[in-house]
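Raw contents of final21.txt, compact mmCIF, C-alpha atoms:
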```
# COMPACT_ATOMS: atom_id res chain seq x y z
CA MET A 7 155.22 70.49 1.02
CA GLU A 8 157.79 67.81 0.67
CA GLU A 9 157.13 65.35 -2.13
CA GLU A 10 156.52 61.81 -1.14
CA LYS A 11 159.46 59.55 -1.82
CA VAL A 12 159.38 56.83 -4.40
CA ALA A 13 159.27 53.28 -3.08
CA ILE A 14 161.75 51.06 -4.91
CA THR A 15 161.11 47.36 -4.52
CA VAL A 16 163.95 45.02 -5.35
CA ILE A 17 162.69 41.59 -6.34
CA GLY A 18 165.35 39.11 -7.36
CA ASP A 19 167.73 41.21 -9.41
CA ARG A 20 165.14 43.70 -10.63
CA ALA A 21 164.25 47.03 -9.12
CA LEU A 22 160.58 47.68 -9.71
CA ILE A 23 158.14 50.55 -9.24
CA PHE A 24 154.52 49.58 -8.80
CA SER A 25 152.77 52.90 -8.37
CA LEU A 26 151.72 55.02 -11.32
CA ASP A 27 152.15 58.20 -9.29
CA ASP A 28 155.73 57.19 -8.61
CA VAL A 29 156.34 56.58 -12.29
CA LYS A 30 155.11 60.09 -13.07
CA ARG A 31 157.30 61.57 -10.37
CA LEU A 32 160.33 59.73 -11.73
CA ARG A 33 159.67 61.09 -15.21
CA ASP A 34 159.95 64.59 -13.78
CA LEU A 35 163.31 63.62 -12.33
CA LYS A 36 164.43 62.49 -15.81
CA VAL A 37 164.45 58.89 -14.69
CA THR A 38 162.45 56.97 -17.26
CA GLY A 39 163.07 53.31 -16.49
CA VAL A 40 161.52 50.65 -18.65
CA LEU A 41 157.93 49.46 -18.39
CA SER A 42 157.95 45.71 -18.01
CA GLY A 43 154.48 44.52 -17.04
CA THR A 44 152.51 42.19 -19.26
CA LEU A 45 150.06 39.32 -19.00
CA PRO A 46 151.38 35.78 -19.26
CA ILE A 47 148.63 34.67 -21.62
CA ALA A 48 148.60 37.84 -23.71
CA THR A 49 152.23 38.83 -24.00
CA GLN A 50 152.89 42.18 -25.62
CA GLN A 51 155.70 43.80 -27.50
CA ASN A 52 157.66 46.30 -25.51
CA ILE A 53 155.77 49.41 -26.62
CA PHE A 54 152.60 48.06 -25.06
CA LEU A 55 153.99 47.09 -21.68
CA GLY A 56 152.63 48.51 -18.43
CA LEU A 57 153.40 48.57 -14.74
CA PRO A 58 155.63 47.69 -13.03
CA LEU A 59 158.41 49.97 -14.16
CA GLN A 60 161.84 48.39 -14.10
CA LEU A 61 164.78 50.58 -13.14
CA MET A 62 168.44 50.29 -14.04
CA SER A 63 170.76 49.72 -11.10
CA GLU A 64 172.30 53.14 -11.71
CA GLU A 65 168.89 54.76 -11.48
CA VAL A 66 168.23 53.06 -8.16
CA VAL A 67 171.49 54.29 -6.66
CA TYR A 68 170.91 57.79 -7.98
CA LEU A 69 167.39 57.97 -6.54
CA VAL A 70 168.28 56.60 -3.14
CA LEU A 71 171.40 58.70 -2.63
CA ASN A 72 169.60 61.87 -3.66
CA ARG A 73 166.72 61.06 -1.32
CA TYR A 74 164.18 60.90 -4.14
CA GLY A 75 163.41 57.31 -3.29
CA TYR A 76 163.96 54.61 -0.74
CA LEU A 77 164.61 50.91 -0.95
CA VAL A 78 161.97 48.59 0.42
CA PRO A 79 163.72 45.91 2.44
CA SER A 80 163.30 42.19 1.89
CA LYS A 81 161.56 39.77 4.23
CA PHE A 82 164.68 39.39 6.37
CA PHE A 83 164.07 42.89 7.59
CA TYR A 84 160.54 42.05 8.69
CA ASN A 85 161.72 38.92 10.42
CA ASN A 86 164.24 40.96 12.34
CA LEU A 87 161.65 43.63 13.02
CA LEU A 88 159.40 40.94 14.45
CA SER A 89 162.09 39.49 16.68
CA SER A 90 163.01 42.92 18.02
CA SER A 91 159.43 44.04 18.62
CA THR A 92 158.06 44.36 22.14
CA ASP A 93 154.91 42.62 23.29
CA GLY A 94 153.07 45.93 23.00
CA ASP A 95 154.06 46.24 19.34
CA LEU A 96 152.96 42.70 18.63
CA GLU A 97 149.60 43.33 20.28
CA LYS A 98 149.12 46.34 18.02
CA PHE A 99 149.95 44.26 14.97
CA LEU A 100 147.52 41.61 16.12
CA GLU A 101 144.78 44.18 16.65
CA LEU A 102 145.37 45.54 13.18
CA LYS A 103 145.26 42.07 11.76
CA ASN A 104 141.98 41.32 13.53
CA GLU A 105 140.51 44.56 12.30
CA ILE A 106 141.34 43.70 8.73
CA PHE A 107 140.08 40.18 9.18
CA GLN A 108 136.80 41.46 10.51
CA SER A 109 136.34 43.99 7.74
CA GLN A 110 137.01 41.25 5.24
CA THR A 111 134.46 38.97 6.88
CA LYS A 112 131.95 41.78 6.86
CA GLN A 113 132.56 42.29 3.16
CA LYS A 114 132.07 38.59 2.52
CA GLU A 115 128.79 38.59 4.44
CA LEU A 116 127.60 41.59 2.47
CA ASP A 117 128.46 39.91 -0.78
CA ASN A 118 126.51 36.88 0.28
CA LEU A 119 123.56 39.01 1.20
CA VAL A 120 123.59 40.65 -2.21
CA LYS A 121 123.64 37.26 -3.88
CA GLN A 122 120.73 36.03 -1.83
CA LYS A 123 118.70 39.16 -2.45
CA ASN A 124 119.38 38.88 -6.16
CA LEU A 125 118.27 35.30 -6.13
CA VAL A 126 115.06 36.09 -4.29
CA ASN A 127 114.22 39.11 -6.45
CA ASN A 128 115.00 37.25 -9.64
CA ASN A 129 112.63 34.52 -8.62
CA ASN A 130 109.91 37.04 -7.77
CA ASN A 131 110.27 38.83 -11.11
CA ASN A 132 110.73 35.62 -13.04
CA GLY A 133 113.97 36.98 -14.37
CA ASN A 134 112.43 40.22 -15.67
CA GLY A 135 114.27 43.51 -15.23
CA ASN A 136 118.01 43.90 -14.98
CA SER A 137 119.93 43.17 -11.88
CA HIS A 138 120.94 46.81 -11.27
CA LEU A 139 117.34 47.75 -10.80
CA VAL A 140 116.90 44.88 -8.43
CA LEU A 141 119.85 46.01 -6.41
CA HIS A 142 118.38 49.47 -6.18
CA LYS A 143 115.12 48.22 -4.89
CA GLY A 144 116.95 46.32 -2.25
CA SER A 145 119.02 49.30 -1.21
CA ASN A 146 115.93 51.06 0.04
CA ASN A 147 115.66 48.49 2.75
CA GLU A 148 119.35 47.81 3.32
CA SER A 149 121.28 50.98 3.82
CA THR A 150 124.63 49.25 3.42
CA PHE A 151 123.89 47.76 0.06
CA PHE A 152 126.29 49.97 -1.81
CA TYR A 153 129.51 49.54 -0.04
CA GLU A 154 132.33 51.79 -1.12
CA ILE A 155 135.75 50.21 -1.15
CA ASP A 156 138.65 52.56 -0.55
CA ASN A 157 140.77 52.66 -3.65
CA GLN A 158 143.96 53.24 -1.70
CA SER A 159 144.04 49.76 -0.29
CA LEU A 160 147.63 50.36 0.79
CA LYS A 161 146.39 52.75 3.44
CA SER A 162 144.29 50.22 5.26
CA TYR A 163 146.43 47.14 4.88
CA PRO A 164 149.69 46.81 6.74
CA SER A 165 151.94 46.92 3.68
CA TYR A 166 155.56 47.93 3.26
CA LYS A 167 154.35 51.53 3.47
CA SER A 168 153.16 51.14 7.05
CA PHE A 169 156.72 50.35 8.06
CA GLN A 170 158.37 53.10 6.04
CA LYS A 171 159.34 55.11 9.10
CA TYR A 172 161.31 52.15 10.37
CA TYR A 173 163.52 51.65 7.33
CA ASP A 174 163.53 55.01 5.58
CA LYS A 175 166.47 56.17 7.66
CA SER A 176 169.93 57.03 6.39
CA ASP A 177 171.73 54.19 8.14
CA ILE A 178 169.30 51.48 7.11
CA GLN A 179 169.01 52.77 3.57
CA LEU A 180 172.79 52.83 3.33
CA LYS A 181 172.92 49.20 4.40
CA LEU A 182 170.26 48.24 1.90
CA LEU A 183 172.15 50.14 -0.77
CA ASN A 184 175.33 48.29 0.13
CA GLU A 185 173.50 45.02 -0.22
CA PHE A 186 172.15 46.20 -3.57
CA PHE A 187 175.68 47.04 -4.72
CA MET A 188 176.98 43.64 -3.69
CA LYS A 189 174.30 41.92 -5.75
CA ASN A 190 174.78 44.17 -8.76
CA GLY A 191 178.46 44.37 -9.51
CA GLY A 192 179.91 46.35 -6.60
CA ASP A 193 182.52 48.85 -7.68
CA LEU A 194 181.84 48.19 -11.35
CA LEU A 195 178.39 49.59 -10.73
CA MET A 196 179.91 52.51 -8.87
CA ALA A 197 181.81 53.66 -11.98
CA ASN A 198 178.62 53.44 -14.03
CA CYS A 199 176.73 55.42 -11.40
CA ASN A 200 179.23 58.26 -11.59
CA MET A 201 178.88 58.42 -15.35
CA PHE A 202 175.10 58.20 -14.99
CA SER A 203 174.80 61.14 -12.65
CA TYR A 204 177.31 63.11 -14.71
CA LEU A 205 175.18 62.70 -17.83
CA LEU A 206 172.04 63.51 -15.88
CA SER A 207 173.67 66.70 -14.64
CA LYS A 208 174.23 67.59 -18.31
CA ASN A 209 170.46 67.28 -18.84
CA TYR A 210 170.55 64.00 -20.68
CA TYR A 211 167.90 61.32 -20.29
CA ILE A 212 169.52 57.94 -19.97
CA ALA A 213 168.33 54.52 -21.06
CA PRO A 214 169.99 51.09 -21.07
CA GLY A 215 172.56 50.83 -23.84
CA LEU A 216 172.02 47.33 -25.12
CA LYS A 217 170.44 48.50 -28.38
CA PHE A 218 173.77 49.90 -29.52
CA GLY A 219 176.15 47.84 -27.44
CA GLY A 220 177.06 50.45 -24.86
CA ASN A 221 176.51 50.89 -21.16
CA PHE A 222 173.92 53.60 -21.77
CA ILE A 223 172.32 55.57 -24.50
CA ALA A 224 171.67 59.23 -23.80
CA TYR A 225 168.84 61.37 -25.14
CA PRO A 226 168.90 65.18 -25.29
CA GLY A 227 165.30 65.25 -24.00
CA ASP A 228 162.52 62.88 -23.14
CA PRO A 229 163.08 59.64 -25.10
CA LEU A 230 159.50 59.85 -26.33
CA ASN A 231 160.34 63.08 -28.13
CA TYR A 232 163.94 62.66 -29.20
CA HIS A 233 166.35 60.31 -30.89
CA SER A 234 169.34 59.46 -28.77
CA HIS A 235 172.58 61.36 -29.24
CA LEU A 236 175.14 59.32 -27.40
CA ILE A 237 176.19 55.73 -27.03
CA VAL A 238 178.01 55.75 -23.73
CA ASN A 239 180.68 53.36 -22.54
CA VAL A 240 182.20 53.59 -19.10
CA ILE A 241 185.93 53.06 -18.67
CA GLN A 242 186.50 51.62 -15.21
CA ASP A 243 190.12 52.59 -14.70
CA PHE A 244 191.26 55.87 -16.17
CA TYR A 245 194.95 54.95 -16.05
CA THR A 246 195.23 51.28 -16.86
CA ASP A 247 192.18 50.17 -18.81
CA ASP A 248 192.75 49.86 -22.53
CA ILE A 249 190.05 51.62 -24.52
CA GLY A 250 190.87 49.25 -27.36
CA LEU A 251 191.49 50.59 -30.83
CA ASN A 252 189.15 48.01 -32.29
CA ARG A 253 186.43 49.27 -29.98
CA ILE A 254 187.09 52.82 -31.12
CA VAL A 255 186.62 51.74 -34.71
CA ASN A 256 183.57 49.64 -33.85
CA GLY A 257 181.91 52.24 -31.67
CA GLY A 258 182.87 55.19 -33.81
CA ARG A 259 181.76 53.62 -37.07
CA LEU A 260 178.46 52.32 -35.66
CA ALA A 261 177.63 55.56 -33.88
CA THR A 262 178.42 57.72 -36.89
CA SER A 263 176.31 55.58 -39.19
CA VAL A 264 173.29 55.84 -36.86
CA LYS A 265 173.86 59.59 -36.38
CA LYS A 266 175.13 59.29 -32.86
CA ILE A 267 178.38 59.82 -31.02
CA TRP A 268 180.27 57.12 -29.21
CA THR A 269 181.24 58.57 -25.85
CA ILE A 270 183.61 57.11 -23.31
CA GLY A 271 184.07 58.40 -19.81
CA GLY A 272 186.34 57.67 -16.89
CA ASN A 273 187.15 59.13 -13.52
CA LYS A 274 190.48 60.93 -13.27
CA ASN A 275 190.73 60.51 -9.53
CA GLY A 276 189.46 56.97 -9.48
CA ASN A 277 186.02 55.94 -8.36
CA LYS A 278 185.19 55.69 -4.70
CA SER A 279 184.34 52.25 -3.45
CA TYR A 280 180.67 51.69 -2.83
CA LYS A 281 181.62 50.77 0.71
CA ASP A 282 182.62 54.37 1.34
CA LEU A 283 179.34 55.77 0.10
CA ARG A 284 177.60 58.23 2.38
CA PHE A 285 174.51 60.30 1.93
CA PRO A 286 175.51 63.73 0.69
CA PRO A 287 174.68 66.63 2.98
CA ASN A 288 171.24 68.11 2.46
CA ASN A 289 170.68 70.22 -0.64
CA GLU A 290 173.72 68.80 -2.36
CA THR A 291 173.46 66.36 -5.20
CA LEU A 292 175.20 63.09 -5.55
CA HIS A 293 178.86 62.86 -6.48
CA GLN A 294 179.11 66.59 -7.04
CA GLN A 295 182.77 66.39 -6.35
CA GLN A 296 183.40 63.23 -8.31
CA GLN A 297 181.67 64.64 -11.35
CA GLN A 298 184.33 67.27 -11.76
CA ASP A 299 186.92 64.55 -12.11
CA LEU A 300 185.03 62.82 -14.85
CA VAL A 301 186.68 63.02 -18.26
CA CYS A 302 184.79 62.20 -21.43
CA PHE A 303 185.87 61.75 -24.99
CA SER A 304 183.50 61.55 -27.93
CA ILE A 305 184.53 59.43 -30.87
CA GLU A 306 183.30 59.80 -34.40
CA TRP A 307 184.42 58.60 -37.80
CA SER A 308 186.45 61.32 -39.45
CA GLY A 309 184.89 60.87 -42.87
CA PHE A 310 188.09 60.06 -44.69
CA GLY A 311 190.72 57.33 -44.84
CA MET B 5 211.60 71.38 -36.64
CA THR B 6 213.21 70.05 -39.80
CA ASN B 7 215.63 67.79 -38.03
CA ILE B 8 213.04 65.88 -36.02
CA GLN B 9 213.54 62.16 -36.32
CA LEU B 10 210.34 60.72 -37.72
CA LYS B 11 209.09 57.55 -36.10
CA PRO B 12 208.13 54.87 -38.62
CA LEU B 13 204.47 55.13 -37.60
CA THR B 14 204.44 58.90 -37.92
CA LYS B 15 206.12 58.66 -41.28
CA GLN B 16 203.55 56.21 -42.55
CA VAL B 17 200.64 58.39 -41.43
CA LYS B 18 202.31 61.52 -42.78
CA THR B 19 202.84 59.91 -46.17
CA ASN B 20 199.26 58.71 -46.24
CA LEU B 21 197.90 62.15 -45.38
CA GLU B 22 200.19 63.94 -47.77
CA TYR B 23 199.92 61.77 -50.86
CA TYR B 24 196.67 59.84 -50.44
CA ASN B 25 194.43 62.35 -48.66
CA LEU B 26 196.26 65.35 -50.14
CA TRP B 27 196.79 67.25 -46.91
CA SER B 28 199.14 70.19 -46.94
CA ASP B 29 201.59 71.92 -44.63
CA LEU B 30 202.15 68.91 -42.38
CA LYS B 31 204.33 69.55 -39.37
CA VAL B 32 205.68 67.15 -36.79
CA TYR B 33 205.72 67.91 -33.09
CA ASN B 34 207.51 66.02 -30.37
CA PHE B 35 206.30 65.95 -26.78
CA ASP B 36 207.25 64.42 -23.47
CA ASN B 37 210.90 63.65 -24.31
CA ASP B 38 209.98 62.51 -27.79
CA SER B 39 207.71 59.74 -26.50
CA ILE B 40 204.72 61.28 -28.24
CA GLN B 41 204.89 62.41 -31.83
CA LEU B 42 201.98 64.33 -33.31
CA LEU B 43 201.23 65.68 -36.75
CA ASN B 44 199.55 68.95 -37.50
CA GLY B 45 198.28 69.77 -40.93
CA LYS B 46 195.62 71.12 -43.18
CA PRO B 47 193.12 68.83 -44.89
CA LEU B 48 192.22 69.28 -48.56
CA GLU B 49 188.70 70.28 -47.59
CA LYS B 50 187.62 71.49 -44.18
CA LEU B 51 186.47 68.55 -42.12
CA GLN B 52 182.91 68.51 -40.86
CA PRO B 53 182.65 70.14 -37.50
CA SER B 54 180.67 68.64 -34.65
CA GLU B 55 179.09 70.94 -32.17
CA SER B 56 180.28 70.97 -28.64
CA ILE B 57 177.46 70.85 -26.12
CA SER B 58 179.00 73.43 -23.83
CA ASN B 59 180.69 76.38 -25.52
CA ASP B 60 178.94 76.50 -28.85
CA LYS B 61 179.82 80.12 -29.36
CA THR B 62 183.56 79.85 -28.99
CA ARG B 63 183.56 76.92 -31.33
CA SER B 64 181.77 78.67 -34.17
CA GLU B 65 183.98 81.71 -33.66
CA GLN B 66 187.02 79.54 -33.92
CA GLU B 67 185.80 78.09 -37.18
CA GLN B 68 185.14 81.49 -38.64
CA GLN B 69 188.69 82.41 -37.93
CA GLY B 70 189.62 79.70 -40.34
CA ASN B 71 191.33 77.43 -37.88
CA ASP B 72 190.98 74.39 -40.08
CA ARG B 73 194.20 72.70 -39.07
CA GLU B 74 193.89 69.31 -37.45
CA TRP B 75 196.00 67.42 -34.95
CA ILE B 76 196.79 63.82 -35.82
CA PHE B 77 197.85 61.26 -33.26
CA PRO B 78 199.41 58.23 -35.01
CA ILE B 79 198.97 54.94 -33.21
CA GLY B 80 199.49 51.29 -34.17
CA MET B 81 196.60 48.86 -33.93
CA ASP B 82 198.65 46.62 -31.63
CA GLU B 83 199.17 49.42 -29.12
CA LYS B 84 197.26 50.03 -25.93
CA LEU B 85 195.43 53.32 -25.47
CA THR B 86 194.13 54.38 -22.09
CA MET B 87 191.96 57.32 -21.12
CA SER B 88 194.89 58.98 -19.38
CA GLN B 89 197.12 58.73 -22.47
CA THR B 90 194.41 60.35 -24.55
CA ASP B 91 194.00 63.03 -21.93
CA PHE B 92 197.76 63.55 -21.96
CA VAL B 93 197.84 64.08 -25.73
CA PHE B 94 195.31 66.87 -25.33
CA ASP B 95 197.42 68.41 -22.60
CA CYS B 96 200.54 68.20 -24.80
CA ILE B 97 198.86 70.19 -27.54
CA ARG B 98 197.96 72.81 -24.98
CA LEU B 99 201.70 73.56 -24.70
CA VAL B 100 201.62 74.71 -28.32
CA GLU B 101 198.15 76.22 -28.62
CA ASN B 102 197.72 77.50 -25.07
CA GLU B 103 194.44 75.64 -24.81
CA ARG B 104 193.22 72.12 -25.18
CA PRO B 105 192.11 71.52 -28.76
CA LYS B 106 188.45 70.73 -29.31
CA ARG B 107 189.38 67.51 -31.04
CA ILE B 108 192.24 65.41 -32.29
CA ILE B 109 192.28 62.73 -34.93
CA ALA B 110 193.56 59.28 -34.08
CA GLY B 111 195.33 57.83 -37.10
CA MET B 112 195.24 54.09 -36.53
CA VAL B 113 197.70 52.04 -38.54
CA ASN B 114 197.20 48.37 -39.23
CA ASN B 115 200.09 46.07 -40.11
CA ASP B 116 198.74 45.65 -43.64
CA GLY B 117 199.12 49.36 -44.31
CA THR B 118 195.48 50.30 -43.76
CA ILE B 119 195.09 53.57 -41.93
CA VAL B 120 191.78 54.71 -40.45
CA TYR B 121 191.10 58.10 -38.95
CA TYR B 122 188.74 58.78 -36.06
CA PHE B 123 187.90 62.03 -34.34
CA ILE B 124 188.41 62.09 -30.61
CA HIS B 125 186.53 65.09 -29.25
CA ASP B 126 187.31 66.52 -25.85
CA GLY B 127 184.19 66.08 -23.73
CA ILE B 128 180.69 65.39 -24.97
CA VAL B 129 179.63 66.68 -28.38
CA ARG B 130 176.41 66.64 -30.30
CA PRO B 131 176.21 64.41 -33.35
CA ARG B 132 176.22 66.00 -36.79
CA LYS B 133 172.91 67.19 -38.16
CA SER B 134 173.11 65.59 -41.62
```

Would you give me this structure, written as structure tokens?
Amino acid sequence: MEEEKVAITVIGDRALIFSLDDVKRLRDLKVTGVLSGTLPIATQQNIFLGLPLQLMSEEVVYLVLNRYGYLVPSKFFYNNLLSSSTDGDLEKFLELKNEIFQSQTKQKELDNLVKQKNLVNNNNNNGNGNSHLVLHKGSNNESTFFYEIDNQSLKSYPSYKSFQKYYDKSDIQLKLLNEFFMKNGGDLLMANCNMFSYLLSKNYYIAPGLKFGGNFIAYPGDPLNYHSHLIVNVIQDFYTDDIGLNRIVNGGRLATSVKKIWTIGGNKNGNKSYKDLRFPPNNETLHQQQQQDLVCFSIEWSGFG
Amino acid sequence: MTNIQLKPLTKQVKTNLEYYNLWSDLKVYNFDNDSIQLLNGKPLEKLQPSESISNDKTRSEQEQQGNDREWIFPIGMDEKLTMSQTDFVFDCIRLVENERPKRIIAGMVNNDGTIVYYFIHDGIVRPRKS
């Protein structure tokens, strides 16, 4: 059975995952992301955060291009979908909407009924007995007293999932990905993505590199179990970009003192432009060819001088 | 090899290695029409090895064979260093050793005479255990 794809929602400049099942699936793919959810009135430190999971741009590109996930389009897509729908489609939408409206009304009426019953029973018993008992008594007469609400509310409501078949197609996903690239650094992001998938192919788990001033930090296993090994910096242009001797000293000295390695990587054959991105053929992973052209150097303090 | 013209930078690094860090048997190699000058020598004590993530076995074998000579690449702090230049240095050494070395040492020279040495490993390596 084919695994369900992960829905990636891009809101503003953040890519977010809202489903816990999706988060678990991503973990199996070695994509960890960063939990970012908290409550405005009870803000938490970052070890206590919950859903949604925020993804790095590189993770988004990796997931979409390898068909592990799909991008959920913004409202423009729905507007266009609406304008291109036939009258038949619109009628269906309307029917669905009515259905939901009616079920909601029914629920409201039921709630009201419960309240009234409670009120009446409470008066009869002069407030004796707990309300659960009262409800039970009532349920003998009203068969619909206990009304089960489907937990998977997404199934019954017309959400982004109901339209998945419309936008989870290669051409539309490619366009959405292009848009994502344009918002998130274009070809600069492309170079990072190559490095990202290269490291992933070497079985590293990758997290954002801010903690140590790099593009990424790489863990030899799940970040919950391991300390990171690498501080990774991406060199955009293999032939012209200066690594910077000061950066070598900075990176090397810092990394060595925190028991890591400062790693730089660049693409020998130059990075493709994001505009030329295509989905790889089935059963082939992303950038397989580009990865072979990736050259890395690891820098470390020598221990003398 | 005795009549190789030493570049000022190479000379400075060589002197530092020889008399300050007490390296021995330092040799100078010229590559690419003398545009790249490298030093090869033996440190006083064997430098700490880092493990390569790929061919661990070959690496440990190599160390057992007592290959404790290091390649030094002298460079001034005001110079530019690109990925391709670094890659090229590795390829130059291949002409002598028939394979790319696992690592080189960049000897970076400041204009006040300070010299710092940093390993540049080929590829991704694991950090030291200690």

What is the atom CA of Ile241 of chain A-atom CA of Gly271 of chain A distance in Å, reported with one decimal?
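Atom CA of Gly271 of chain A lies at a distance of 5.8 Å from atom CA of Ile241 of chain A.
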
What's around Gly43 of chain A at 6 Å? Count only C-alpha atoms, leave out sequence neighbours fewer than 6 positions away in its own chain, and write the answer as a list in words.
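Non-adjacent residues within range: Leu55, Gly56, Leu57 and Pro58 of chain A.
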
Interface list for chain B, partner chain A, 9 Å threshold, all atoms listed in the file, as a JSON list (two decimals) with C-alpha atoms, keeping the file's coordinate frame:
```
[["chain", "number", "residue", "atom", "x", "y", "z"],
["B", 20, "ASN", "CA", 199.26, 58.71, -46.24],
["B", 21, "LEU", "CA", 197.90, 62.15, -45.38],
["B", 24, "TYR", "CA", 196.67, 59.84, -50.44],
["B", 25, "ASN", "CA", 194.43, 62.35, -48.66],
["B", 51, "LEU", "CA", 186.47, 68.55, -42.12],
["B", 52, "GLN", "CA", 182.91, 68.51, -40.86],
["B", 79, "ILE", "CA", 198.97, 54.94, -33.21],
["B", 80, "GLY", "CA", 199.49, 51.29, -34.17],
["B", 81, "MET", "CA", 196.60, 48.86, -33.93],
["B", 82, "ASP", "CA", 198.65, 46.62, -31.63],
["B", 83, "GLU", "CA", 199.17, 49.42, -29.12],
["B", 84, "LYS", "CA", 197.26, 50.03, -25.93],
["B", 85, "LEU", "CA", 195.43, 53.32, -25.47],
["B", 86, "THR", "CA", 194.13, 54.38, -22.09],
["B", 87, "MET", "CA", 191.96, 57.32, -21.12],
["B", 88, "SER", "CA", 194.89, 58.98, -19.38],
["B", 89, "GLN", "CA", 197.12, 58.73, -22.47],
["B", 90, "THR", "CA", 194.41, 60.35, -24.55],
["B", 91, "ASP", "CA", 194.00, 63.03, -21.93],
["B", 107, "ARG", "CA", 189.38, 67.51, -31.04],
["B", 109, "ILE", "CA", 192.28, 62.73, -34.93],
["B", 112, "MET", "CA", 195.24, 54.09, -36.53],
["B", 118, "THR", "CA", 195.48, 50.30, -43.76],
["B", 119, "ILE", "CA", 195.09, 53.57, -41.93],
["B", 120, "VAL", "CA", 191.78, 54.71, -40.45],
["B", 121, "TYR", "CA", 191.10, 58.10, -38.95],
["B", 122, "TYR", "CA", 188.74, 58.78, -36.06],
["B", 123, "PHE", "CA", 187.90, 62.03, -34.34],
["B", 124, "ILE", "CA", 188.41, 62.09, -30.61],
["B", 125, "HIS", "CA", 186.53, 65.09, -29.25],
["B", 126, "ASP", "CA", 187.31, 66.52, -25.85],
["B", 127, "GLY", "CA", 184.19, 66.08, -23.73],
["B", 128, "ILE", "CA", 180.69, 65.39, -24.97],
["B", 129, "VAL", "CA", 179.63, 66.68, -28.38],
["B", 130, "ARG", "CA", 176.41, 66.64, -30.30],
["B", 131, "PRO", "CA", 176.21, 64.41, -33.35],
["B", 132, "ARG", "CA", 176.22, 66.00, -36.79],
["B", 133, "LYS", "CA", 172.91, 67.19, -38.16],
["B", 134, "SER", "CA", 173.11, 65.59, -41.62]]
```

For atom CA of Asn118 of chain A and atom CA of Leu100 of chain A, determine how far apart the two atoms are, in Å to one decimal place.
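Calculated distance between atom CA of Asn118 of chain A and atom CA of Leu100 of chain A is 26.7 Å.
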
Mind pulling up the distance from atom CA of Arg73 of chain A to atom CA of Tyr225 of chain A?
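Atom CA of Arg73 of chain A lies at a distance of 23.9 Å from atom CA of Tyr225 of chain A.
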
Using all atoms listed in the file, find the one residue out of B:Gly111, B:Pro105, B:Pro47, B:Pro78 that sits nearest to Tyr33 of chain B.
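Answer, going by the shortest atom-to-atom distance: B:Pro78.
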
Mind checking which residues fall within 9 Å of Leu182 of chain A, counting only C-alpha atoms, ignoring those fewer than 6 positions away in the same chain, and posting them as a PDB file with C-alpha atoms, in the frame of the given file?
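Dumped everything to out18.pdb:
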```pdb
ATOM      1  CA  LEU A  77     164.610  50.910  -0.950  1.00  0.00           C
ATOM      2  CA  VAL A  78     161.970  48.590   0.420  1.00  0.00           C
ATOM      3  CA  PRO A  79     163.720  45.910   2.440  1.00  0.00           C
TER       4      PRO A  79
END
```

Using only C-alpha atoms for the distances, tell me which of A:Tyr211, A:Asp27, A:Gln110, A:Phe218 is nearest to Asn231 of chain A.
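Smallest separation from Asn231 of chain A among the options: A:Tyr211.
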
Residues within 9 Å of Ile40 of chain B, please, as JSON, numbers by chain. Count all atoms listed in the file; anything in the same chain fewer than 4 positions from it doesn't count.
{"B": [33, 34, 35, 36, 77, 93, 96]}

List the spatial neighbours of Asn221 of chain A as a list in words - criterion: any atom at most 9 Å away, only C-alpha atoms, same-chain residues fewer than 3 positions off excluded.
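These residues fall inside the cut-off: Asn198, Ala213, Pro214, Gly215, Leu216, Phe218, Ile237, Val238, Asn239 and Val240 of chain A.
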
Hey, which of B:Leu99, B:Val113, B:Leu48, B:Ile76 ends up closest to Pro12 of chain B? Count all atoms listed in the file.
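Among B:Leu99, B:Val113, B:Leu48, B:Ile76, it is B:Val113 that comes nearest to Pro12 of chain B.
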
Shell around Asn184 of chain A at 10 Å using all atoms listed in the file, local window under 3 positions removed, as a ChimeraX atom specification:
/A:67,178-181,187-190,192,280-283
